[in-house]
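Q: One structure coming up, written as structure tokens, with questions to follow.
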Amino acid sequence: MAHQSSDNMAQLKSTPYAASEGTQDDRAVKIIAAYGADKSARANVDTTFRDIERLVLPSMNGSNTDNKKAAGQDQRPVSSVATSEAILLGSNLYSHSYSNSDRNFALRAASDDDRDSMKEWLQTATDKITEYMQNSNFGQVYGEFTRIWSNFGTGICGVEFDKDTSELVFTSIPITANVYITENHQGQVKGFKRLLQLTADDVVAMFGESALSTDGQKAYGDISKSGLKFDYILCVSENPDYDYRRADAESMRFRSEYVCVKDKRIVKVGGYRSFPYPTARFIKRHDGSSYGLGCCEMALPTIRGLNTAEAQMQDSLQMASRPPTVVKDDETLDIDEIAPNSVIHTSGEVTQLRGTHNPEADQADIQRLSDEIRRQFFTNVFLAVMQSNTDKTATEIDALQAEQFASIGPMISRLRSEFWSPMIHRVLDLLIEAGVIEAPDETVAGGNFEVSYISQLDTKLSLMDQQKTMQAIQSIVMLLTVARENPELARIVKVEDMAVEFAEAHNINFEHIVTDYERDEMDALAAQAAQEQQAQQQQMIDQEAVAPIDPTKKPEEGSPVAMEMQAQQ
């Protein structure tokens, strides 16, 4: 539980380390070397990023690419199908998982024992986090984040608290830039490196004049050199000296270090109580890489095929409308290419070329590839949510949506665990440090909380799970009903064991399935209650058997004794 106070970024040391501190100089050299190693290790992924930028999302160019034409790449227009589908996917994920006007999550106590003591504090924290996020730039940044995350496979978002304006400030960091991430032993992103190219004025504003390199000192104050950039590396990593009992930057859970690449020295050290750059992967790669696999990368072969088919279609239409003309010429020329609306000189007979290609085949191929791209970008998933088909029954619609959502469900689960949950914890830390939310007292300090997601997409997925549970329960009830109506069935099959296995096989939450131990307890309590009821009944019988006769009590009206007494009178 992230309930301790947090530094926005504690500036423990804002001056360069002295040259005599050899260990700090060694640390700077190691950070620079680690940055280079991370960059080299991502070479293959970067190649894919460049292809995605060129073929799908050219507006997402990173800072380390000029998007120039590579050798062997033609200059034909790139198909717009993949671009529109990539943008649509990000928009759908944004609109279905976040609403700036509604609450999208709530903090809940993870344990039943903590619910009463933590309820009020968690409710207040939820309200404050929601309020500050809705009044921040989160909506805009999250929209950019979902597009990068879903299409490039990895999305990074930073958040800080601006004490001057008392606002949360979010930033979407494109993974295609000079940004590199590393995982810990549990596969969680807990390492972050980024190359910052800063002007001399930027360096002074962030670190002070002492952080300038020799070239930076010459450029500082010189208008003619105001555009020069200098390389600094930001490195955020888990702190080996972490001590939860201390509040100084050197003891926080995560350490941030800014390194001047030119001078190979650390110019600033800070600390964070929680990881400041929540990072989510769309699909986790299985090759050990820290980077995710996005829809654009999966669709690249189809996108290239579509580009080829559209180019062939364009050629065939142009050849049909403007075929090349052949003219008489004594000097025969070699023909390298037959292009539309061209002139071919020949010493032979003059002819008019006609195209033999069938454009209908290209059109069919284009349609097939376009449909495949739409499936790869999950267009049909969100169409199943937004559109209602009146020709289908409610059961058929639910089944269709369940099948479609099964393909996107794992990505949403990873978005929750890798982005939303760390981001909410980070915001909570920042608001506690800023005094907006009171730090929890000793009654809740030891408790844990979990994040409950209630966005449109989360609600739909939760409803689907509940529907599956109800269908499984109905099947179990039918099984038990048959067993009750046919007692001899228990001599052939173990009905109770079958019902339990059926519940487990249909993914009913294990917390809702009675265990063997709990079942034995229930049987023991039922037997004890039956014994107590039997004892009470026997006691009542015994009391009635020995009850004395009251001679003054009148006989009941209508009884033989009452009738005899009435006759005597």
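By convention here, the chains of the structure tokens are called A, B, ... in the order presented, each chain's residues are numbered starting at 1, and ligands are numbered starting at 1 in the order presented.
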Name the residues of range 122-238 of chain A that come out as strand (DSSP E) in a backbone DSSP run; write them as an mmCIF file with N, CA and C atoms, in the first residue's frame.
A:
```cif
data_model
loop_
_atom_site.group_PDB
_atom_site.id
_atom_site.type_symbol
_atom_site.label_atom_id
_atom_site.label_comp_id
_atom_site.auth_asym_id
_atom_site.auth_seq_id
_atom_site.Cartn_x
_atom_site.Cartn_y
_atom_site.Cartn_z
ATOM 1 N N THR A 154 4.244 -0.597 -26.206
ATOM 2 C CA THR A 154 4.749 -0.136 -24.913
ATOM 3 C C THR A 154 4.358 1.322 -24.718
ATOM 4 N N GLY A 155 3.722 1.610 -23.602
ATOM 5 C CA GLY A 155 3.326 2.977 -23.286
ATOM 6 C C GLY A 155 3.894 3.403 -21.946
ATOM 7 N N ILE A 156 4.397 4.628 -21.870
ATOM 8 C CA ILE A 156 5.000 5.160 -20.649
ATOM 9 C C ILE A 156 4.337 6.496 -20.333
ATOM 10 N N CYS A 157 4.006 6.682 -19.077
ATOM 11 C CA CYS A 157 3.382 7.929 -18.647
ATOM 12 C C CYS A 157 4.071 8.410 -17.376
ATOM 13 N N GLY A 158 4.423 9.678 -17.337
ATOM 14 C CA GLY A 158 5.018 10.268 -16.144
ATOM 15 C C GLY A 158 4.033 11.201 -15.463
ATOM 16 N N VAL A 159 4.156 11.361 -14.150
ATOM 17 C CA VAL A 159 3.261 12.246 -13.412
ATOM 18 C C VAL A 159 4.035 12.926 -12.291
ATOM 19 N N GLU A 160 3.830 14.222 -12.157
ATOM 20 C CA GLU A 160 4.432 15.015 -11.086
ATOM 21 C C GLU A 160 3.363 15.947 -10.525
ATOM 22 N N PHE A 161 3.650 16.529 -9.370
ATOM 23 C CA PHE A 161 2.743 17.497 -8.756
ATOM 24 C C PHE A 161 3.394 18.868 -8.803
ATOM 25 N N ASP A 162 2.738 19.804 -9.494
ATOM 26 C CA ASP A 162 3.234 21.164 -9.611
ATOM 27 C C ASP A 162 2.798 21.949 -8.377
ATOM 28 N N GLU A 167 -1.418 21.380 -9.042
ATOM 29 C CA GLU A 167 -2.044 20.517 -10.036
ATOM 30 C C GLU A 167 -1.146 19.329 -10.343
ATOM 31 N N LEU A 168 -1.788 18.241 -10.733
ATOM 32 C CA LEU A 168 -1.051 17.095 -11.257
ATOM 33 C C LEU A 168 -0.700 17.365 -12.711
ATOM 34 N N VAL A 169 0.519 17.012 -13.102
ATOM 35 C CA VAL A 169 0.965 17.211 -14.477
ATOM 36 C C VAL A 169 1.402 15.855 -15.025
ATOM 37 N N PHE A 170 0.706 15.385 -16.058
ATOM 38 C CA PHE A 170 1.007 14.103 -16.688
ATOM 39 C C PHE A 170 1.741 14.328 -18.012
ATOM 40 N N THR A 171 2.607 13.402 -18.361
ATOM 41 C CA THR A 171 3.328 13.460 -19.636
ATOM 42 C C THR A 171 3.325 12.077 -20.271
ATOM 43 N N SER A 172 3.036 12.031 -21.563
ATOM 44 C CA SER A 172 3.128 10.792 -22.320
ATOM 45 C C SER A 172 4.492 10.743 -22.998
ATOM 46 N N ILE A 173 5.243 9.706 -22.730
ATOM 47 C CA ILE A 173 6.621 9.600 -23.226
ATOM 48 C C ILE A 173 6.661 8.563 -24.347
ATOM 49 N N VAL A 179 14.282 6.423 -25.253
ATOM 50 C CA VAL A 179 13.794 5.977 -23.958
ATOM 51 C C VAL A 179 13.958 4.469 -23.878
ATOM 52 N N TYR A 180 14.497 3.997 -22.766
ATOM 53 C CA TYR A 180 14.758 2.566 -22.602
ATOM 54 C C TYR A 180 14.326 2.127 -21.209
ATOM 55 N N ILE A 181 13.751 0.923 -21.133
ATOM 56 C CA ILE A 181 13.225 0.407 -19.877
ATOM 57 C C ILE A 181 13.893 -0.925 -19.543
ATOM 58 N N THR A 182 13.918 -1.250 -18.264
ATOM 59 C CA THR A 182 14.440 -2.534 -17.801
ATOM 60 C C THR A 182 13.495 -3.109 -16.764
ATOM 61 N N GLU A 183 13.511 -4.430 -16.644
ATOM 62 C CA GLU A 183 12.644 -5.126 -15.708
ATOM 63 C C GLU A 183 13.437 -5.629 -14.507
ATOM 64 N N VAL A 189 8.467 -3.456 -14.779
ATOM 65 C CA VAL A 189 9.326 -2.368 -15.251
ATOM 66 C C VAL A 189 9.673 -1.480 -14.064
ATOM 67 N N LYS A 190 10.912 -1.504 -13.655
ATOM 68 C CA LYS A 190 11.375 -0.714 -12.512
ATOM 69 C C LYS A 190 12.648 0.054 -12.845
ATOM 70 N N GLY A 191 13.020 0.087 -14.134
ATOM 71 C CA GLY A 191 14.189 0.831 -14.568
ATOM 72 C C GLY A 191 13.860 1.685 -15.774
ATOM 73 N N PHE A 192 14.396 2.899 -15.808
ATOM 74 C CA PHE A 192 14.049 3.856 -16.862
ATOM 75 C C PHE A 192 15.262 4.702 -17.178
ATOM 76 N N LYS A 193 15.608 4.792 -18.459
ATOM 77 C CA LYS A 193 16.701 5.656 -18.910
ATOM 78 C C LYS A 193 16.199 6.474 -20.089
ATOM 79 N N ARG A 194 16.604 7.743 -20.093
ATOM 80 C CA ARG A 194 16.152 8.626 -21.169
ATOM 81 C C ARG A 194 17.233 9.634 -21.492
ATOM 82 N N LEU A 195 17.481 9.828 -22.776
ATOM 83 C CA LEU A 195 18.444 10.834 -23.218
ATOM 84 C C LEU A 195 17.731 12.165 -23.348
ATOM 85 N N LEU A 196 18.208 13.153 -22.629
ATOM 86 C CA LEU A 196 17.650 14.506 -22.686
ATOM 87 C C LEU A 196 18.626 15.395 -23.442
ATOM 88 N N GLN A 197 18.156 16.023 -24.476
ATOM 89 C CA GLN A 197 18.974 16.957 -25.239
ATOM 90 C C GLN A 197 18.532 18.364 -24.866
ATOM 91 N N LEU A 198 19.350 19.024 -24.054
ATOM 92 C CA LEU A 198 18.981 20.283 -23.420
ATOM 93 C C LEU A 198 19.862 21.420 -23.910
ATOM 94 N N PHE A 230 22.801 19.771 -25.604
ATOM 95 C CA PHE A 230 23.807 19.000 -24.883
ATOM 96 C C PHE A 230 23.138 17.777 -24.265
ATOM 97 N N ASP A 231 23.850 16.654 -24.292
ATOM 98 C CA ASP A 231 23.275 15.378 -23.879
ATOM 99 C C ASP A 231 23.397 15.167 -22.373
ATOM 100 N N TYR A 232 22.261 14.845 -21.768
ATOM 101 C CA TYR A 232 22.193 14.444 -20.363
ATOM 102 C C TYR A 232 21.324 13.196 -20.282
ATOM 103 N N ILE A 233 21.681 12.274 -19.433
ATOM 104 C CA ILE A 233 20.939 11.024 -19.278
ATOM 105 C C ILE A 233 20.237 11.027 -17.930
ATOM 106 N N LEU A 234 18.936 10.729 -17.958
ATOM 107 C CA LEU A 234 18.170 10.510 -16.733
ATOM 108 C C LEU A 234 18.086 9.008 -16.497
ATOM 109 N N CYS A 235 18.489 8.573 -15.333
ATOM 110 C CA CYS A 235 18.459 7.151 -14.976
ATOM 111 C C CYS A 235 17.651 6.996 -13.689
ATOM 112 N N VAL A 236 16.560 6.233 -13.751
ATOM 113 C CA VAL A 236 15.751 5.919 -12.574
ATOM 114 C C VAL A 236 15.844 4.421 -12.339
ATOM 115 N N SER A 237 16.227 4.033 -11.143
ATOM 116 C CA SER A 237 16.429 2.621 -10.838
ATOM 117 C C SER A 237 16.062 2.345 -9.385
ATOM 118 N N GLU A 238 15.892 1.083 -9.056
ATOM 119 C CA GLU A 238 15.614 0.695 -7.679
ATOM 120 C C GLU A 238 16.830 0.979 -6.814
#
```
Q: Calculate how many Å separate CA of Thr48 in chain A from CA of Ile303 in chain A, rounding to one decimal.
A: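 Atom-to-atom, CA of Thr48 in chain A to CA of Ile303 in chain A, that is 13.0 Å.
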Q: Find the distance between CA of Asp371 in chain A and CA of Arg147 in chain A and write it in Å to one decimal.
A: 20.4 Å
Q: Work out how far CA of Ile87 in chain A is from CA of Thr130 in chain A, in Å to one decimal.
A: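 Separating CA of Thr130 in chain A from CA of Ile87 in chain A is a distance of 26.7 Å.
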Q: Range 134-177 of chain A near range 91-106 of chain A within 9 Å: what's each residue's closest atom pair and its distance in Å to one decimal, counting only C-alpha atoms, ordered by chain then ascending residue number, as a tab-separated table?
A:
```
residue	atom	partner	partner_atom	distance
A:Gln134	CA	A:Asn100	CA	5.8
A:Asn135	CA	A:Asn100	CA	9.0
A:Phe138	CA	A:Asn100	CA	8.7
A:Gly139	CA	A:Asn100	CA	6.5
A:Tyr142	CA	A:Tyr94	CA	7.1
A:Gly143	CA	A:Tyr94	CA	5.7
A:Glu144	CA	A:Tyr94	CA	8.9
A:Phe145	CA	A:Tyr94	CA	8.8
A:Thr146	CA	A:Tyr94	CA	6.1
A:Arg147	CA	A:Ser91	CA	7.2
A:Ser150	CA	A:Leu93	CA	8.4
```
Q: Mind dumping the selected residues with N, CA, C and O atoms as a compact mmCIF listing (two decimals), in the first residue's frame?
A:
```txt
# COMPACT_ATOMS: atom_id res chain seq x y z
N GLN A 134 -9.25 14.62 -12.79
CA GLN A 134 -10.20 15.22 -13.72
C GLN A 134 -9.85 16.68 -14.00
O GLN A 134 -10.18 17.20 -15.08
N ASN A 135 -9.20 17.35 -13.06
CA ASN A 135 -8.82 18.75 -13.24
C ASN A 135 -7.41 18.90 -13.81
O ASN A 135 -6.88 20.01 -13.86
N PHE A 138 -4.70 14.84 -17.61
CA PHE A 138 -4.63 13.39 -17.76
C PHE A 138 -5.41 12.89 -18.96
O PHE A 138 -4.97 11.99 -19.68
N GLY A 139 -6.61 13.45 -19.20
CA GLY A 139 -7.41 12.98 -20.32
C GLY A 139 -6.69 13.08 -21.65
O GLY A 139 -6.69 12.15 -22.45
N TYR A 142 -3.66 10.59 -21.56
CA TYR A 142 -4.08 9.19 -21.63
C TYR A 142 -4.50 8.82 -23.05
O TYR A 142 -4.28 7.68 -23.49
N GLY A 143 -5.10 9.75 -23.77
CA GLY A 143 -5.44 9.48 -25.16
C GLY A 143 -4.20 9.21 -26.00
O GLY A 143 -4.19 8.29 -26.82
N GLU A 144 -3.16 10.00 -25.79
CA GLU A 144 -1.89 9.76 -26.49
C GLU A 144 -1.26 8.45 -26.04
O GLU A 144 -0.72 7.69 -26.84
N PHE A 145 -1.36 8.18 -24.75
CA PHE A 145 -0.78 6.96 -24.19
C PHE A 145 -1.42 5.71 -24.80
O PHE A 145 -0.72 4.76 -25.18
N THR A 146 -2.75 5.68 -24.90
CA THR A 146 -3.42 4.49 -25.42
C THR A 146 -3.04 4.23 -26.87
O THR A 146 -2.92 3.07 -27.29
N ARG A 147 -2.83 5.28 -27.64
CA ARG A 147 -2.45 5.08 -29.04
C ARG A 147 -1.04 4.50 -29.13
O ARG A 147 -0.78 3.58 -29.91
N SER A 150 -1.08 0.71 -27.55
CA SER A 150 -1.72 -0.35 -28.32
C SER A 150 -1.03 -0.61 -29.65
O SER A 150 -1.01 -1.76 -30.12
```
Q: Thr515 in chain A: which residues within 12 Å, counting only C-alpha atoms, same-chain residues fewer than 5 positions away excluded, as a list in words?
A: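 Once the nearby chain positions are removed, what remains is Glu496, Asp497, Val500, Glu501, Ala503, Glu504, Phe510, Asp520, Glu521 and Met522 of chain A.
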Q: I'd like to know which of A:Val269, A:Ile366, A:Ala109, A:Met540 is closest to Gln314 in chain A, using only C-alpha atoms.
A: A:Ile366
Q: Write out as a PyMOL selection string the residues lying within 10 Å of Lys229 in chain A, counting only C-alpha atoms and excluding same-chain residues fewer than 5 positions away.
A: chain A and resi 196-203+216+219
Q: My list of candidates is A:Ile412, A:Leu428, A:Cys260, A:Ile175. Which is closest to Thr214 in chain A when distances are computed with only C-alpha atoms?
A: A:Cys260
Q: Considering only C-alpha atoms, return as an NGL selection string whatever protein or nucleic-acid residues lie within 12 Å of Thr176 in chain A, sequence-local ones (same chain, fewer than 4 positions apart) excluded.
A: :A and (39 or 42-43 or 45-53 or 57-65 or 67 or 148-149 or 151-156 or 172 or 180-181 or 194 or 291)
Q: Counting only C-alpha atoms, what is within 12 Å of Val493 in chain A, bar same-chain residues fewer than 6 positions away, as a list of chain:residue names?
A: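 These residues fall inside the cut-off: A:Leu479, A:Leu480, A:Ala483, A:Asn486, A:Pro487, A:Ala499.
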Q: Which is closest to Pro276 in chain A among A:Lys262, A:His425, A:Lys119, A:His185, if we use only C-alpha atoms?
A: A:His425
Q: Identify, on the basis of only C-alpha atoms, every residue whose closest approach to Arg374 in chain A does not exceed 10 Å; exclude the query and any residue fewer than 2 positions from it along the same chain; express the result as a list in words.
A: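 Answer for this query is Val81, Ala82, Ser84, Glu85, Ala86, Leu88, Leu89, Ala299, Leu369, Ser370, Asp371, Glu372, Gln376, Phe377, Phe378, Thr379, Asn380 and Val381 of chain A.
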Q: Save the residues we just selected, N, CA and C atoms, as a PDB file, in the first residue's frame?
A:
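And here is the file that came out, out05.pdb:
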```pdb
ATOM      1  N   VAL A  81      -5.370   2.576 -44.772  1.00  0.00           N
ATOM      2  CA  VAL A  81      -6.204   1.649 -44.006  1.00  0.00           C
ATOM      3  C   VAL A  81      -5.592   1.396 -42.629  1.00  0.00           C
ATOM      4  N   ALA A  82      -4.300   1.045 -42.606  1.00  0.00           N
ATOM      5  CA  ALA A  82      -3.653   0.744 -41.327  1.00  0.00           C
ATOM      6  C   ALA A  82      -3.591   1.974 -40.436  1.00  0.00           C
ATOM      7  N   SER A  84      -5.691   4.562 -40.288  1.00  0.00           N
ATOM      8  CA  SER A  84      -7.004   4.835 -39.703  1.00  0.00           C
ATOM      9  C   SER A  84      -7.370   3.801 -38.656  1.00  0.00           C
ATOM     10  N   GLU A  85      -7.004   2.533 -38.880  1.00  0.00           N
ATOM     11  CA  GLU A  85      -7.311   1.492 -37.903  1.00  0.00           C
ATOM     12  C   GLU A  85      -6.474   1.662 -36.634  1.00  0.00           C
ATOM     13  N   ALA A  86      -5.222   2.075 -36.780  1.00  0.00           N
ATOM     14  CA  ALA A  86      -4.365   2.295 -35.611  1.00  0.00           C
ATOM     15  C   ALA A  86      -4.897   3.434 -34.748  1.00  0.00           C
ATOM     16  N   LEU A  88      -8.024   4.471 -34.735  1.00  0.00           N
ATOM     17  CA  LEU A  88      -9.315   4.034 -34.205  1.00  0.00           C
ATOM     18  C   LEU A  88      -9.139   3.138 -32.990  1.00  0.00           C
ATOM     19  N   LEU A  89      -8.142   2.261 -33.023  1.00  0.00           N
ATOM     20  CA  LEU A  89      -7.908   1.376 -31.883  1.00  0.00           C
ATOM     21  C   LEU A  89      -7.578   2.177 -30.637  1.00  0.00           C
ATOM     22  N   ALA A 299       0.681  -6.501 -37.477  1.00  0.00           N
ATOM     23  CA  ALA A 299       0.009  -6.289 -38.759  1.00  0.00           C
ATOM     24  C   ALA A 299       0.964  -5.892 -39.879  1.00  0.00           C
ATOM     25  N   LEU A 369      -7.218  -8.100 -47.550  1.00  0.00           N
ATOM     26  CA  LEU A 369      -6.152  -7.609 -46.679  1.00  0.00           C
ATOM     27  C   LEU A 369      -6.663  -6.504 -45.755  1.00  0.00           C
ATOM     28  N   SER A 370      -7.564  -5.660 -46.261  1.00  0.00           N
ATOM     29  CA  SER A 370      -8.134  -4.602 -45.417  1.00  0.00           C
ATOM     30  C   SER A 370      -8.934  -5.200 -44.272  1.00  0.00           C
ATOM     31  N   ASP A 371      -9.719  -6.232 -44.559  1.00  0.00           N
ATOM     32  CA  ASP A 371     -10.490  -6.900 -43.509  1.00  0.00           C
ATOM     33  C   ASP A 371      -9.563  -7.552 -42.489  1.00  0.00           C
ATOM     34  N   GLU A 372      -8.467  -8.112 -42.962  1.00  0.00           N
ATOM     35  CA  GLU A 372      -7.512  -8.744 -42.052  1.00  0.00           C
ATOM     36  C   GLU A 372      -6.879  -7.703 -41.134  1.00  0.00           C
ATOM     37  N   GLN A 376      -6.921  -7.430 -37.027  1.00  0.00           N
ATOM     38  CA  GLN A 376      -5.699  -7.330 -36.236  1.00  0.00           C
ATOM     39  C   GLN A 376      -5.702  -6.105 -35.323  1.00  0.00           C
ATOM     40  N   PHE A 377      -6.490  -5.100 -35.673  1.00  0.00           N
ATOM     41  CA  PHE A 377      -6.622  -3.915 -34.825  1.00  0.00           C
ATOM     42  C   PHE A 377      -7.912  -3.945 -33.997  1.00  0.00           C
ATOM     43  N   PHE A 378      -8.538  -5.123 -33.907  1.00  0.00           N
ATOM     44  CA  PHE A 378      -9.664  -5.371 -32.996  1.00  0.00           C
ATOM     45  C   PHE A 378     -10.860  -4.459 -33.266  1.00  0.00           C
ATOM     46  N   THR A 379     -11.046  -4.067 -34.515  1.00  0.00           N
ATOM     47  CA  THR A 379     -12.197  -3.228 -34.832  1.00  0.00           C
ATOM     48  C   THR A 379     -13.504  -3.943 -34.523  1.00  0.00           C
ATOM     49  N   ASN A 380     -13.552  -5.249 -34.816  1.00  0.00           N
ATOM     50  CA  ASN A 380     -14.789  -5.999 -34.594  1.00  0.00           C
ATOM     51  C   ASN A 380     -15.126  -6.117 -33.113  1.00  0.00           C
ATOM     52  N   VAL A 381     -14.115  -6.048 -32.246  1.00  0.00           N
ATOM     53  CA  VAL A 381     -14.382  -6.139 -30.809  1.00  0.00           C
ATOM     54  C   VAL A 381     -15.236  -4.974 -30.351  1.00  0.00           C
TER      55      VAL A 381
END
```
Q: Can you pull out every residue from range 205-340 of chain A that DSSP, working from the backbone, puts in helix (DSSP H, G or I), and format the result as a ChimeraX atom specification?
A: /A:205-207,209-211,214-219,223-225,249-251,295-321
Q: Considering only C-alpha atoms, state which residue in the set A:Ile129, A:Val56, A:Met565, A:Ala33 is at the smallest distance from Thr302 in chain A.
A: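 The shortest atom-to-atom distance to Thr302 in chain A comes from A:Val56.
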